[in-house]
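**Student:** Got a structure for you, data_16.cif, holding mmCIF, C-alpha atoms.
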```cif
data_protein
#
loop_
_atom_site.label_atom_id
_atom_site.label_comp_id
_atom_site.auth_asym_id
_atom_site.auth_seq_id
_atom_site.Cartn_x
_atom_site.Cartn_y
_atom_site.Cartn_z
CA MET A 1 -35.51 6.15 -6.07
CA MET A 2 -31.71 5.87 -6.14
CA ALA A 3 -30.38 3.03 -8.28
CA PHE A 4 -27.51 1.02 -6.86
CA ARG A 5 -25.03 -0.84 -9.03
CA ARG A 6 -23.89 -4.27 -8.02
CA GLY A 7 -20.40 -4.78 -6.72
CA PHE A 8 -18.19 -2.63 -4.52
CA ASN A 9 -17.84 1.12 -4.83
CA MET A 10 -14.57 2.87 -4.04
CA LEU A 11 -15.69 3.91 -0.56
CA THR A 12 -16.29 0.27 0.36
CA LEU A 13 -12.90 -0.76 -1.01
CA LYS A 14 -11.22 2.03 0.96
CA ILE A 15 -12.93 0.91 4.17
CA ILE A 16 -11.69 -2.64 3.60
CA ALA A 17 -8.23 -1.29 2.73
CA PHE A 18 -8.14 0.75 5.93
CA ALA A 19 -9.14 -2.31 7.98
CA GLY A 20 -6.24 -4.14 6.33
CA THR A 21 -3.92 -1.25 7.13
CA VAL A 22 -4.93 -1.49 10.79
CA CYS A 23 -4.13 -5.23 10.77
CA LEU A 24 -0.79 -4.67 9.07
CA ASN A 25 0.29 -1.99 11.51
CA LEU A 26 -0.89 -3.96 14.54
CA ALA A 27 1.11 -6.93 13.33
CA TRP A 28 4.49 -5.20 13.27
CA CYS A 29 4.28 -2.11 15.50
CA GLY A 30 5.62 -4.02 18.51
CA ILE A 31 2.47 -4.02 20.61
CA ILE A 32 1.62 -7.64 19.75
CA LYS A 33 4.38 -10.10 20.66
CA LEU A 34 2.81 -13.43 19.63
CA LEU A 35 4.40 -14.36 16.29
CA PRO A 36 1.55 -16.55 14.91
CA LEU A 37 -0.91 -13.70 15.55
CA GLN A 38 1.48 -11.23 13.94
CA LEU A 39 1.75 -13.41 10.84
CA ALA A 40 -2.02 -13.91 10.59
CA LEU A 41 -2.72 -10.18 10.92
CA SER A 42 0.00 -9.35 8.41
CA PHE A 43 -1.28 -11.88 5.86
CA ILE A 44 -4.83 -10.51 6.09
CA GLY A 45 -3.62 -6.92 6.18
CA ALA A 46 -1.43 -7.35 3.11
CA SER A 47 -4.59 -7.11 1.00
CA SER A 48 -4.47 -3.39 1.76
CA LEU A 49 -1.31 -3.04 -0.37
CA THR A 50 -3.15 -3.86 -3.58
CA LEU A 51 -6.41 -2.18 -2.57
CA ILE A 52 -4.63 1.10 -1.79
CA ALA A 53 -2.66 0.86 -5.03
CA PHE A 54 -5.92 0.26 -6.88
CA ALA A 55 -7.50 3.32 -5.20
CA ALA A 56 -4.44 5.42 -6.11
CA ASN A 57 -4.67 4.22 -9.71
CA GLU A 58 -8.32 5.27 -9.91
CA ALA A 59 -7.50 8.62 -8.28
CA VAL A 60 -4.75 9.36 -10.81
CA LYS A 61 -7.14 8.53 -13.67
CA LYS A 62 -10.10 10.51 -12.36
CA THR A 63 -8.77 13.41 -10.29
CA SER A 64 -9.37 16.88 -11.69
CA ASN A 65 -6.08 18.12 -10.24
CA LEU A 66 -3.25 15.61 -9.91
CA THR A 67 -0.90 18.16 -8.35
CA LYS A 68 -3.32 18.82 -5.47
CA TYR A 69 -3.84 15.09 -4.95
CA LEU A 70 -0.08 14.49 -4.74
CA LEU A 71 0.34 17.50 -2.45
CA ARG A 72 -2.32 16.17 -0.05
CA LEU A 73 -0.48 12.86 0.13
CA LEU A 74 2.85 14.59 0.72
CA VAL A 75 1.40 16.77 3.50
CA LEU A 76 -0.15 13.67 5.10
CA ALA A 77 3.21 11.88 4.89
CA ALA A 78 4.91 14.84 6.59
CA VAL A 79 2.30 14.93 9.38
CA CYS A 80 2.70 11.21 10.00
CA ALA A 81 6.50 11.09 9.71
CA PHE A 82 7.43 11.43 13.39
CA PRO A 83 4.53 9.33 14.79
CA TYR A 84 5.49 6.64 12.27
CA PHE A 85 9.09 6.83 13.47
CA THR A 86 7.88 6.50 17.07
CA VAL A 87 5.87 3.40 16.21
CA TYR A 88 8.61 1.53 14.34
CA ARG A 89 11.86 2.96 15.71
CA ASP A 90 13.21 4.59 18.88
CA LEU A 91 15.16 7.77 19.52
CA SER A 92 18.42 5.85 19.88
CA THR A 93 18.19 4.75 16.24
CA ALA A 94 20.65 6.43 13.88
CA PHE A 95 18.98 8.82 11.46
CA ARG A 96 17.73 7.24 8.27
CA PHE A 97 15.34 8.96 5.89
CA SER A 98 13.43 5.71 5.33
CA ASN A 99 12.49 5.50 9.03
CA TYR A 100 10.06 8.38 8.48
CA LEU A 101 8.43 7.13 5.27
CA SER A 102 4.94 6.00 6.22
CA GLY A 103 2.18 4.58 4.04
CA PRO A 104 1.04 7.96 2.62
CA PHE A 105 4.54 8.56 1.24
CA ALA A 106 4.38 5.15 -0.44
CA VAL A 107 1.06 6.14 -2.06
CA PHE A 108 2.60 9.50 -3.08
CA PHE A 109 5.52 7.68 -4.68
CA ILE A 110 3.27 5.17 -6.44
CA ALA A 111 0.88 7.85 -7.76
CA GLY A 112 3.88 9.81 -9.03
CA VAL A 113 5.17 6.72 -10.82
CA PHE A 114 1.76 6.23 -12.47
CA SER A 115 1.67 9.81 -13.75
CA VAL A 116 5.23 9.65 -15.13
CA TYR A 117 4.62 6.23 -16.72
CA ASP A 118 1.55 7.49 -18.58
CA LYS A 119 3.42 10.44 -20.10
CA LEU A 120 6.22 8.39 -21.64
CA PRO A 121 5.77 7.92 -25.40
CA TYR A 122 7.62 4.66 -26.04
CA LYS A 123 7.30 1.17 -24.62
CA TRP A 124 11.04 0.80 -24.02
CA MET A 125 11.00 4.02 -22.00
CA LYS A 126 8.06 2.76 -19.94
CA THR A 127 9.80 -0.57 -19.27
CA GLY A 128 13.04 1.12 -18.27
CA THR A 129 11.20 3.54 -15.99
CA VAL A 130 9.33 0.70 -14.27
CA ILE A 131 12.62 -1.08 -13.50
CA LEU A 132 14.21 2.17 -12.33
CA PHE A 133 11.35 3.06 -9.97
CA VAL A 134 11.29 -0.43 -8.46
CA ILE A 135 15.01 -0.10 -7.68
CA VAL A 136 14.57 3.45 -6.34
CA SER A 137 11.67 2.39 -4.11
CA ALA A 138 13.85 -0.25 -2.46
CA ALA A 139 16.77 2.14 -2.12
CA LEU A 140 14.62 4.83 -0.51
CA GLY A 141 12.98 2.35 1.84
CA ILE A 142 9.40 2.91 0.69
CA GLU A 143 7.03 0.97 2.95
CA TYR A 144 7.08 -2.73 1.95
CA ALA A 145 9.09 -1.92 -1.18
CA PRO A 146 9.84 -3.23 -3.67
CA VAL A 147 6.92 -5.65 -3.23
CA SER A 148 4.30 -2.92 -2.73
CA VAL A 149 5.51 -1.00 -5.80
CA ILE A 150 5.54 -4.11 -7.99
CA PHE A 151 1.92 -4.90 -7.04
CA ALA A 152 0.98 -1.29 -7.82
CA LEU A 153 2.62 -1.49 -11.24
CA PHE A 154 0.72 -4.70 -12.05
CA ILE A 155 -2.49 -2.81 -11.32
CA HIS A 156 -1.59 0.25 -13.37
CA CYS A 157 0.16 -1.36 -16.34
CA TYR A 158 -2.63 -3.90 -16.89
CA ASP A 159 -5.55 -1.57 -16.26
CA SER A 160 -7.47 -1.82 -19.53
CA GLU A 161 -10.35 -4.29 -19.75
CA PRO A 162 -8.60 -6.82 -22.06
CA GLN A 163 -5.47 -6.81 -19.88
CA ARG A 164 -7.09 -7.24 -16.46
CA LYS A 165 -6.81 -11.00 -16.60
CA PHE A 166 -3.02 -10.50 -16.77
CA ARG A 167 -3.25 -8.11 -13.82
CA ASN A 168 -5.02 -10.73 -11.74
CA PHE A 169 -2.67 -13.51 -12.84
CA ASN A 170 0.43 -11.43 -12.07
CA ILE A 171 -0.82 -10.46 -8.61
CA VAL A 172 -1.66 -14.05 -7.68
CA PHE A 173 1.46 -15.54 -9.27
CA PHE A 174 3.79 -12.97 -7.69
CA SER A 175 2.14 -13.62 -4.32
CA ILE A 176 2.84 -17.34 -4.67
CA VAL A 177 6.44 -16.62 -5.69
CA ILE A 178 6.96 -14.38 -2.64
CA ALA A 179 5.68 -17.08 -0.27
CA ALA A 180 7.66 -19.86 -1.97
CA VAL A 181 10.97 -17.97 -2.14
CA CYS A 182 10.71 -16.80 1.47
CA ALA A 183 9.84 -20.32 2.62
CA VAL A 184 12.87 -21.80 0.86
CA MET A 185 15.20 -19.15 2.29
CA TYR A 186 13.71 -19.57 5.76
CA PHE A 187 14.22 -23.32 5.87
CA MET A 188 17.71 -23.04 4.34
CA LYS A 189 18.59 -20.74 7.29
CA LEU A 190 20.76 -18.42 5.20
CA GLU A 191 22.85 -16.26 7.50
CA PHE A 192 22.28 -12.96 5.68
CA PHE A 193 18.48 -13.25 5.84
CA LYS A 194 16.79 -12.90 9.24
CA GLY A 195 14.08 -15.50 9.87
CA GLU A 196 11.50 -13.03 11.15
CA GLU A 197 12.05 -10.68 8.19
CA LEU A 198 11.52 -13.57 5.79
CA LEU A 199 8.28 -14.53 7.51
CA LYS A 200 7.16 -10.91 7.44
CA THR A 201 7.88 -10.68 3.71
CA ALA A 202 6.13 -14.01 3.09
CA THR A 203 2.90 -12.68 4.61
CA LEU A 204 2.78 -10.01 1.90
CA SER A 205 1.52 -12.79 -0.35
CA GLY A 206 -1.84 -12.01 1.27
CA ALA A 207 -2.07 -9.17 -1.24
CA ALA A 208 -3.73 -11.70 -3.56
CA LEU A 209 -6.79 -11.70 -1.26
CA SER A 210 -7.82 -8.38 -2.80
CA VAL A 211 -8.20 -9.72 -6.35
CA PRO A 212 -11.91 -10.73 -6.02
CA LEU A 213 -12.68 -7.33 -4.46
CA ILE A 214 -10.95 -5.41 -7.24
CA ASN A 215 -12.70 -7.52 -9.87
CA ASN A 216 -16.05 -6.52 -8.38
CA TYR A 217 -15.40 -2.78 -8.39
CA ASN A 218 -18.44 -1.11 -9.95
CA GLY A 219 -16.76 2.14 -11.00
CA GLU A 220 -18.56 4.37 -8.48
CA ASN A 221 -16.87 6.49 -5.81
CA ASN A 222 -19.74 6.24 -3.32
CA SER A 223 -23.53 6.30 -3.17
CA PHE A 224 -23.82 9.75 -1.59
CA THR A 225 -25.59 12.62 -3.30
CA LYS A 226 -25.09 15.44 -0.78
CA PRO A 227 -21.84 17.47 -1.14
CA LEU A 228 -21.02 17.31 2.57
CA ALA A 229 -21.29 13.53 2.72
CA THR A 230 -19.20 13.25 -0.45
CA ALA A 231 -16.51 15.50 1.00
CA VAL A 232 -16.41 13.52 4.25
CA ALA A 233 -16.06 10.27 2.28
CA LYS A 234 -13.24 11.83 0.24
CA TYR A 235 -11.13 13.11 3.14
CA ALA A 236 -12.07 10.85 6.07
CA PHE A 237 -9.31 8.33 5.38
CA TYR A 238 -6.60 11.01 5.59
CA PHE A 239 -7.71 11.80 9.14
CA ALA A 240 -8.27 8.12 9.94
CA TYR A 241 -4.67 7.27 9.06
CA VAL A 242 -3.34 10.13 11.20
CA ALA A 243 -5.52 8.87 14.08
CA LEU A 244 -4.27 5.30 13.59
CA ILE A 245 -0.56 6.14 13.53
CA GLY A 246 -0.94 8.73 16.29
CA SER A 247 -2.77 6.26 18.55
CA LEU A 248 -0.22 3.51 17.94
CA ALA A 249 2.61 5.95 18.64
CA LEU A 250 1.07 6.96 21.98
CA ILE A 251 0.37 3.34 22.98
CA LYS A 252 3.87 2.28 21.96
CA TYR A 253 5.52 5.17 23.80
CA PHE A 254 3.59 4.97 27.06
CA ALA A 255 2.59 1.31 27.34
CA VAL A 256 5.49 -0.52 25.70
CA THR A 257 8.60 1.61 26.19
CA HIS A 258 7.67 2.96 29.65
#
```
Is it possible to give me this structure as structure tokens?
**Tutor:**
Amino acid sequence: MMAFRRGFNMLTLKIIAFAGTVCLNLAWCGIIKLLPLQLALSFIGASSLTLIAFAANEAVKKTSNLTKYLLRLLVLAAVCAFPYFTVYRDLSTAFRFSNYLSGPFAVFFIAGVFSVYDKLPYKWMKTGTVILFVIVSAALGIEYAPVSVIFALFIHCYDSEPQRKFRNFNIVFFSIVIAAVCAVMYFMKLEFFKGEELLKTATLSGAALSVPLINNYNGENNSFTKPLATAVAKYAFYFAYVALIGSLALIKYFAVTH
């Protein structure tokens, strides 16, 4: 009989992460207009930021070919670029590269950061590179950057067993800081910060919801033994994301804008 380890395998975490991604996209794609519902969906969905970063971290550690993994993400980002633009922008919007950078590009960027970070020989170089990539992520307009990249770096930089307590603390503490800072700015009504953008950023504190799930990761990819089932589990989420963004783009185009 097959022995099952306790906890969550990677397939389970990816399913939960995808559910969070659905919530996050529904919250801000423009289909839902009720702000309290948007905020609730975004807060719950923000857990996908850390779960996806965790999955990317495991992929970088375990993949047999990092180049192929990064290439798959880049191809997926290219496929989703225009549907993503359709969901979050309109054709009258002036061209900006960031308008086409969907979630897969964010994962591509994060995985690339992980691989570069691991190859640097000195701590000062690693620290400088972390700061540089956080700034670059914000400048490029990576999805939910720099918050998403900072969470990802917490996961990667504190990955070893003795350091994981710092990973958990940093994720939770940074989540609290995000909510507190946004709340203060919102109630101060600062002119150069839009109220809705502050509320949107504040909901990213929901990333802390993923900490118990990550802590219970059992180290397994999935429980399948047949090659076909394993392959489906490996690639299904690529197609699922395309289907999600494509469906939202069609709904937004035909039901909302027409």
**Student:** Evaluate the PyMOL selection byres ((chain A and resi 167-183) around 6) and record the selected residues as an MDAnalysis selection string, following the chain and residue labels used in the document.
**Tutor:** chainID A and resid 154:155 158 164:166 184:186 198 202 205 208
**Student:** Per residue of region 74-154 of chain A within 12 Å of region 45-60 of chain A, record the nearest atom pair and its distance in Å to one decimal, counting all atoms listed in the file, with rows in chain order and ascending residue number, as JSON lines.
**Tutor:**
```
{"residue": "A:Gly103", "atom": "CA", "partner": "A:Leu49", "partner_atom": "CA", "distance": 9.5}
{"residue": "A:Pro104", "atom": "CA", "partner": "A:Ile52", "partner_atom": "CA", "distance": 9.9}
{"residue": "A:Ala106", "atom": "CA", "partner": "A:Ala53", "partner_atom": "CA", "distance": 9.4}
{"residue": "A:Val107", "atom": "CA", "partner": "A:Ala56", "partner_atom": "CA", "distance": 6.9}
{"residue": "A:Phe108", "atom": "CA", "partner": "A:Ala56", "partner_atom": "CA", "distance": 8.7}
{"residue": "A:Phe109", "atom": "CA", "partner": "A:Ala56", "partner_atom": "CA", "distance": 10.3}
{"residue": "A:Ile110", "atom": "CA", "partner": "A:Ala53", "partner_atom": "CA", "distance": 7.5}
{"residue": "A:Ala111", "atom": "CA", "partner": "A:Ala56", "partner_atom": "CA", "distance": 6.1}
{"residue": "A:Gly112", "atom": "CA", "partner": "A:Val60", "partner_atom": "CA", "distance": 8.8}
{"residue": "A:Val113", "atom": "CA", "partner": "A:Asn57", "partner_atom": "CA", "distance": 10.2}
{"residue": "A:Phe114", "atom": "CA", "partner": "A:Asn57", "partner_atom": "CA", "distance": 7.3}
{"residue": "A:Ser115", "atom": "CA", "partner": "A:Val60", "partner_atom": "CA", "distance": 7.1}
{"residue": "A:Val116", "atom": "CA", "partner": "A:Val60", "partner_atom": "CA", "distance": 10.9}
{"residue": "A:Tyr117", "atom": "CA", "partner": "A:Val60", "partner_atom": "CA", "distance": 11.5}
{"residue": "A:Asp118", "atom": "CA", "partner": "A:Val60", "partner_atom": "CA", "distance": 10.2}
{"residue": "A:Glu143", "atom": "CA", "partner": "A:Leu49", "partner_atom": "CA", "distance": 9.8}
{"residue": "A:Tyr144", "atom": "CA", "partner": "A:Leu49", "partner_atom": "CA", "distance": 8.7}
{"residue": "A:Ala145", "atom": "CA", "partner": "A:Leu49", "partner_atom": "CA", "distance": 10.5}
{"residue": "A:Pro146", "atom": "CA", "partner": "A:Leu49", "partner_atom": "CA", "distance": 11.6}
{"residue": "A:Val147", "atom": "CA", "partner": "A:Leu49", "partner_atom": "CA", "distance": 9.1}
{"residue": "A:Ser148", "atom": "CA", "partner": "A:Leu49", "partner_atom": "CA", "distance": 6.1}
{"residue": "A:Val149", "atom": "CA", "partner": "A:Ala53", "partner_atom": "CA", "distance": 8.4}
{"residue": "A:Ile150", "atom": "CA", "partner": "A:Thr50", "partner_atom": "CA", "distance": 9.7}
{"residue": "A:Phe151", "atom": "CA", "partner": "A:Thr50", "partner_atom": "CA", "distance": 6.2}
{"residue": "A:Ala152", "atom": "CA", "partner": "A:Ala53", "partner_atom": "CA", "distance": 5.1}
{"residue": "A:Leu153", "atom": "CA", "partner": "A:Ala53", "partner_atom": "CA", "distance": 8.5}
{"residue": "A:Phe154", "atom": "CA", "partner": "A:Thr50", "partner_atom": "CA", "distance": 9.4}
```
**Student:** Let me make sure I understand: among A:Phe43, A:Tyr88, A:Phe95, A:Phe8, which one has the smallest atom-to-atom distance to Cys23 (chain A) if we use all atoms listed in the file?
**Tutor:** A:Phe43
**Student:** Would you write out, as a CSV table (one decimal) with C-alpha atoms, keeping the file's coordinate frame, every residue that the PyMOL selection byres ((chain A and resi 28) around 12) captures in this file?
**Tutor:**
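Dumped to part.csv:
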```csv
chain,number,residue,atom,x,y,z
A,21,THR,CA,-3.9,-1.2,7.1
A,22,VAL,CA,-4.9,-1.5,10.8
A,23,CYS,CA,-4.1,-5.2,10.8
A,24,LEU,CA,-0.8,-4.7,9.1
A,25,ASN,CA,0.3,-2.0,11.5
A,26,LEU,CA,-0.9,-4.0,14.5
A,27,ALA,CA,1.1,-6.9,13.3
A,29,CYS,CA,4.3,-2.1,15.5
A,30,GLY,CA,5.6,-4.0,18.5
A,31,ILE,CA,2.5,-4.0,20.6
A,32,ILE,CA,1.6,-7.6,19.8
A,33,LYS,CA,4.4,-10.1,20.7
A,34,LEU,CA,2.8,-13.4,19.6
A,35,LEU,CA,4.4,-14.4,16.3
A,36,PRO,CA,1.6,-16.6,14.9
A,37,LEU,CA,-0.9,-13.7,15.6
A,38,GLN,CA,1.5,-11.2,13.9
A,39,LEU,CA,1.8,-13.4,10.8
A,40,ALA,CA,-2.0,-13.9,10.6
A,41,LEU,CA,-2.7,-10.2,10.9
A,42,SER,CA,0.0,-9.4,8.4
A,43,PHE,CA,-1.3,-11.9,5.9
A,45,GLY,CA,-3.6,-6.9,6.2
A,46,ALA,CA,-1.4,-7.4,3.1
A,84,TYR,CA,5.5,6.6,12.3
A,87,VAL,CA,5.9,3.4,16.2
A,88,TYR,CA,8.6,1.5,14.3
A,89,ARG,CA,11.9,3.0,15.7
A,144,TYR,CA,7.1,-2.7,2.0
A,196,GLU,CA,11.5,-13.0,11.2
A,197,GLU,CA,12.0,-10.7,8.2
A,199,LEU,CA,8.3,-14.5,7.5
A,200,LYS,CA,7.2,-10.9,7.4
A,201,THR,CA,7.9,-10.7,3.7
A,203,THR,CA,2.9,-12.7,4.6
A,248,LEU,CA,-0.2,3.5,17.9
A,252,LYS,CA,3.9,2.3,22.0
```
**Student:** I'd like the neighbourhood of Phe85 (chain A) as number ranges by chain, where a residue qualifies if any of its atoms comes within 12 Å (using all atoms listed in the file), though same-chain residues fewer than 3 positions away should be ignored.
**Tutor:** A: 29, 77-82, 88-103, 245-246, 248-250, 252-253
**Student:** One decimal, in Å: what's the spacing between CA of Ile16 (chain A) and CA of Val136 (chain A)?
**Tutor:**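 Distance between the two atoms: 28.7 Å.
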**Student:** Can you spell out as a PDB file with C-alpha atoms, keeping the file's coordinate frame the set of residues that the PyMOL selection byres ((chain A and resi 9-11) around 8) selects in the structure I just provided?
**Tutor:**
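The result, written out as out.pdb:
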```pdb
ATOM      1  CA  GLY A   7     -20.400  -4.780  -6.720  1.00  0.00           C
ATOM      2  CA  PHE A   8     -18.190  -2.630  -4.520  1.00  0.00           C
ATOM      3  CA  THR A  12     -16.290   0.270   0.360  1.00  0.00           C
ATOM      4  CA  LEU A  13     -12.900  -0.760  -1.010  1.00  0.00           C
ATOM      5  CA  LYS A  14     -11.220   2.030   0.960  1.00  0.00           C
ATOM      6  CA  ILE A  15     -12.930   0.910   4.170  1.00  0.00           C
ATOM      7  CA  ALA A  55      -7.500   3.320  -5.200  1.00  0.00           C
ATOM      8  CA  TYR A 217     -15.400  -2.780  -8.390  1.00  0.00           C
ATOM      9  CA  ASN A 218     -18.440  -1.110  -9.950  1.00  0.00           C
ATOM     10  CA  GLY A 219     -16.760   2.140 -11.000  1.00  0.00           C
ATOM     11  CA  GLU A 220     -18.560   4.370  -8.480  1.00  0.00           C
ATOM     12  CA  ASN A 221     -16.870   6.490  -5.810  1.00  0.00           C
ATOM     13  CA  ASN A 222     -19.740   6.240  -3.320  1.00  0.00           C
ATOM     14  CA  SER A 223     -23.530   6.300  -3.170  1.00  0.00           C
ATOM     15  CA  ALA A 233     -16.060  10.270   2.280  1.00  0.00           C
TER      16      ALA A 233
END
```
**Student:** Could you please determine the separation between CA of Leu244 (chain A) and CA of Ala19 (chain A) in Å, to one decimal place?
**Tutor:**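 CA of Ala19 (chain A) lies at a distance of 10.6 Å from CA of Leu244 (chain A).
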**Student:** Complete the atom set of region 146-155 of chain A to all heavy atoms and return it as a PDB file, in the frame of the given file.
**Tutor:**
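Full text of selection-v3.pdb as output:
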```pdb
ATOM      1  N   PRO A 146      10.470  -3.563  -2.400  1.00  0.00           N
ATOM      2  CA  PRO A 146       9.840  -3.230  -3.670  1.00  0.00           C
ATOM      3  C   PRO A 146       8.527  -3.962  -3.937  1.00  0.00           C
ATOM      4  O   PRO A 146       7.891  -3.733  -4.966  1.00  0.00           O
ATOM      5  CB  PRO A 146      10.896  -3.677  -4.679  1.00  0.00           C
ATOM      6  CG  PRO A 146      11.541  -4.867  -4.028  1.00  0.00           C
ATOM      7  CD  PRO A 146      11.566  -4.556  -2.554  1.00  0.00           C
ATOM      8  N   VAL A 147       8.120  -4.834  -3.007  1.00  0.00           N
ATOM      9  CA  VAL A 147       6.920  -5.650  -3.230  1.00  0.00           C
ATOM     10  C   VAL A 147       5.691  -4.781  -3.464  1.00  0.00           C
ATOM     11  O   VAL A 147       4.927  -4.992  -4.411  1.00  0.00           O
ATOM     12  CB  VAL A 147       6.684  -6.605  -2.042  1.00  0.00           C
ATOM     13  CG1 VAL A 147       5.345  -7.318  -2.178  1.00  0.00           C
ATOM     14  CG2 VAL A 147       7.811  -7.618  -1.935  1.00  0.00           C
ATOM     15  N   SER A 148       5.481  -3.761  -2.613  1.00  0.00           N
ATOM     16  CA  SER A 148       4.300  -2.920  -2.730  1.00  0.00           C
ATOM     17  C   SER A 148       4.268  -2.178  -4.061  1.00  0.00           C
ATOM     18  O   SER A 148       3.204  -2.023  -4.676  1.00  0.00           O
ATOM     19  CB  SER A 148       4.254  -1.907  -1.579  1.00  0.00           C
ATOM     20  OG  SER A 148       5.443  -1.136  -1.530  1.00  0.00           O
ATOM     21  N   VAL A 149       5.431  -1.736  -4.538  1.00  0.00           N
ATOM     22  CA  VAL A 149       5.510  -1.000  -5.800  1.00  0.00           C
ATOM     23  C   VAL A 149       5.258  -1.930  -6.981  1.00  0.00           C
ATOM     24  O   VAL A 149       4.599  -1.551  -7.955  1.00  0.00           O
ATOM     25  CB  VAL A 149       6.875  -0.294  -5.926  1.00  0.00           C
ATOM     26  CG1 VAL A 149       7.009   0.417  -7.268  1.00  0.00           C
ATOM     27  CG2 VAL A 149       7.059   0.705  -4.792  1.00  0.00           C
ATOM     28  N   ILE A 150       5.757  -3.142  -6.905  1.00  0.00           N
ATOM     29  CA  ILE A 150       5.540  -4.110  -7.990  1.00  0.00           C
ATOM     30  C   ILE A 150       4.045  -4.439  -8.115  1.00  0.00           C
ATOM     31  O   ILE A 150       3.501  -4.473  -9.229  1.00  0.00           O
ATOM     32  CB  ILE A 150       6.364  -5.389  -7.738  1.00  0.00           C
ATOM     33  CG1 ILE A 150       7.851  -5.074  -7.870  1.00  0.00           C
ATOM     34  CG2 ILE A 150       5.954  -6.497  -8.711  1.00  0.00           C
ATOM     35  CD1 ILE A 150       8.772  -6.211  -7.461  1.00  0.00           C
ATOM     36  N   PHE A 151       3.363  -4.663  -6.984  1.00  0.00           N
ATOM     37  CA  PHE A 151       1.920  -4.900  -7.040  1.00  0.00           C
ATOM     38  C   PHE A 151       1.199  -3.700  -7.667  1.00  0.00           C
ATOM     39  O   PHE A 151       0.275  -3.868  -8.475  1.00  0.00           O
ATOM     40  CB  PHE A 151       1.373  -5.152  -5.633  1.00  0.00           C
ATOM     41  CG  PHE A 151       1.555  -6.551  -5.136  1.00  0.00           C
ATOM     42  CD1 PHE A 151       2.161  -6.807  -3.912  1.00  0.00           C
ATOM     43  CD2 PHE A 151       1.104  -7.634  -5.876  1.00  0.00           C
ATOM     44  CE1 PHE A 151       2.316  -8.103  -3.439  1.00  0.00           C
ATOM     45  CE2 PHE A 151       1.254  -8.935  -5.425  1.00  0.00           C
ATOM     46  CZ  PHE A 151       1.870  -9.171  -4.201  1.00  0.00           C
ATOM     47  N   ALA A 152       1.611  -2.499  -7.282  1.00  0.00           N
ATOM     48  CA  ALA A 152       0.980  -1.290  -7.820  1.00  0.00           C
ATOM     49  C   ALA A 152       1.174  -1.189  -9.329  1.00  0.00           C
ATOM     50  O   ALA A 152       0.251  -0.809 -10.059  1.00  0.00           O
ATOM     51  CB  ALA A 152       1.566  -0.055  -7.128  1.00  0.00           C
ATOM     52  N   LEU A 153       2.349  -1.555  -9.803  1.00  0.00           N
ATOM     53  CA  LEU A 153       2.620  -1.490 -11.240  1.00  0.00           C
ATOM     54  C   LEU A 153       1.815  -2.543 -12.008  1.00  0.00           C
ATOM     55  O   LEU A 153       1.388  -2.291 -13.142  1.00  0.00           O
ATOM     56  CB  LEU A 153       4.119  -1.657 -11.490  1.00  0.00           C
ATOM     57  CG  LEU A 153       4.960  -0.441 -11.078  1.00  0.00           C
ATOM     58  CD1 LEU A 153       6.441  -0.784 -11.075  1.00  0.00           C
ATOM     59  CD2 LEU A 153       4.688   0.745 -12.001  1.00  0.00           C
ATOM     60  N   PHE A 154       1.598  -3.712 -11.417  1.00  0.00           N
ATOM     61  CA  PHE A 154       0.720  -4.700 -12.050  1.00  0.00           C
ATOM     62  C   PHE A 154      -0.668  -4.099 -12.265  1.00  0.00           C
ATOM     63  O   PHE A 154      -1.291  -4.280 -13.314  1.00  0.00           O
ATOM     64  CB  PHE A 154       0.587  -5.946 -11.165  1.00  0.00           C
ATOM     65  CG  PHE A 154       1.803  -6.830 -11.147  1.00  0.00           C
ATOM     66  CD1 PHE A 154       2.057  -7.650 -10.049  1.00  0.00           C
ATOM     67  CD2 PHE A 154       2.679  -6.869 -12.219  1.00  0.00           C
ATOM     68  CE1 PHE A 154       3.167  -8.482 -10.022  1.00  0.00           C
ATOM     69  CE2 PHE A 154       3.797  -7.694 -12.204  1.00  0.00           C
ATOM     70  CZ  PHE A 154       4.043  -8.499 -11.093  1.00  0.00           C
ATOM     71  N   ILE A 155      -1.151  -3.394 -11.256  1.00  0.00           N
ATOM     72  CA  ILE A 155      -2.490  -2.810 -11.320  1.00  0.00           C
ATOM     73  C   ILE A 155      -2.566  -1.719 -12.387  1.00  0.00           C
ATOM     74  O   ILE A 155      -3.530  -1.650 -13.162  1.00  0.00           O
ATOM     75  CB  ILE A 155      -2.896  -2.255  -9.940  1.00  0.00           C
ATOM     76  CG1 ILE A 155      -3.202  -3.413  -8.988  1.00  0.00           C
ATOM     77  CG2 ILE A 155      -4.110  -1.325 -10.035  1.00  0.00           C
ATOM     78  CD1 ILE A 155      -3.377  -3.010  -7.542  1.00  0.00           C
TER      79      ILE A 155
END
```
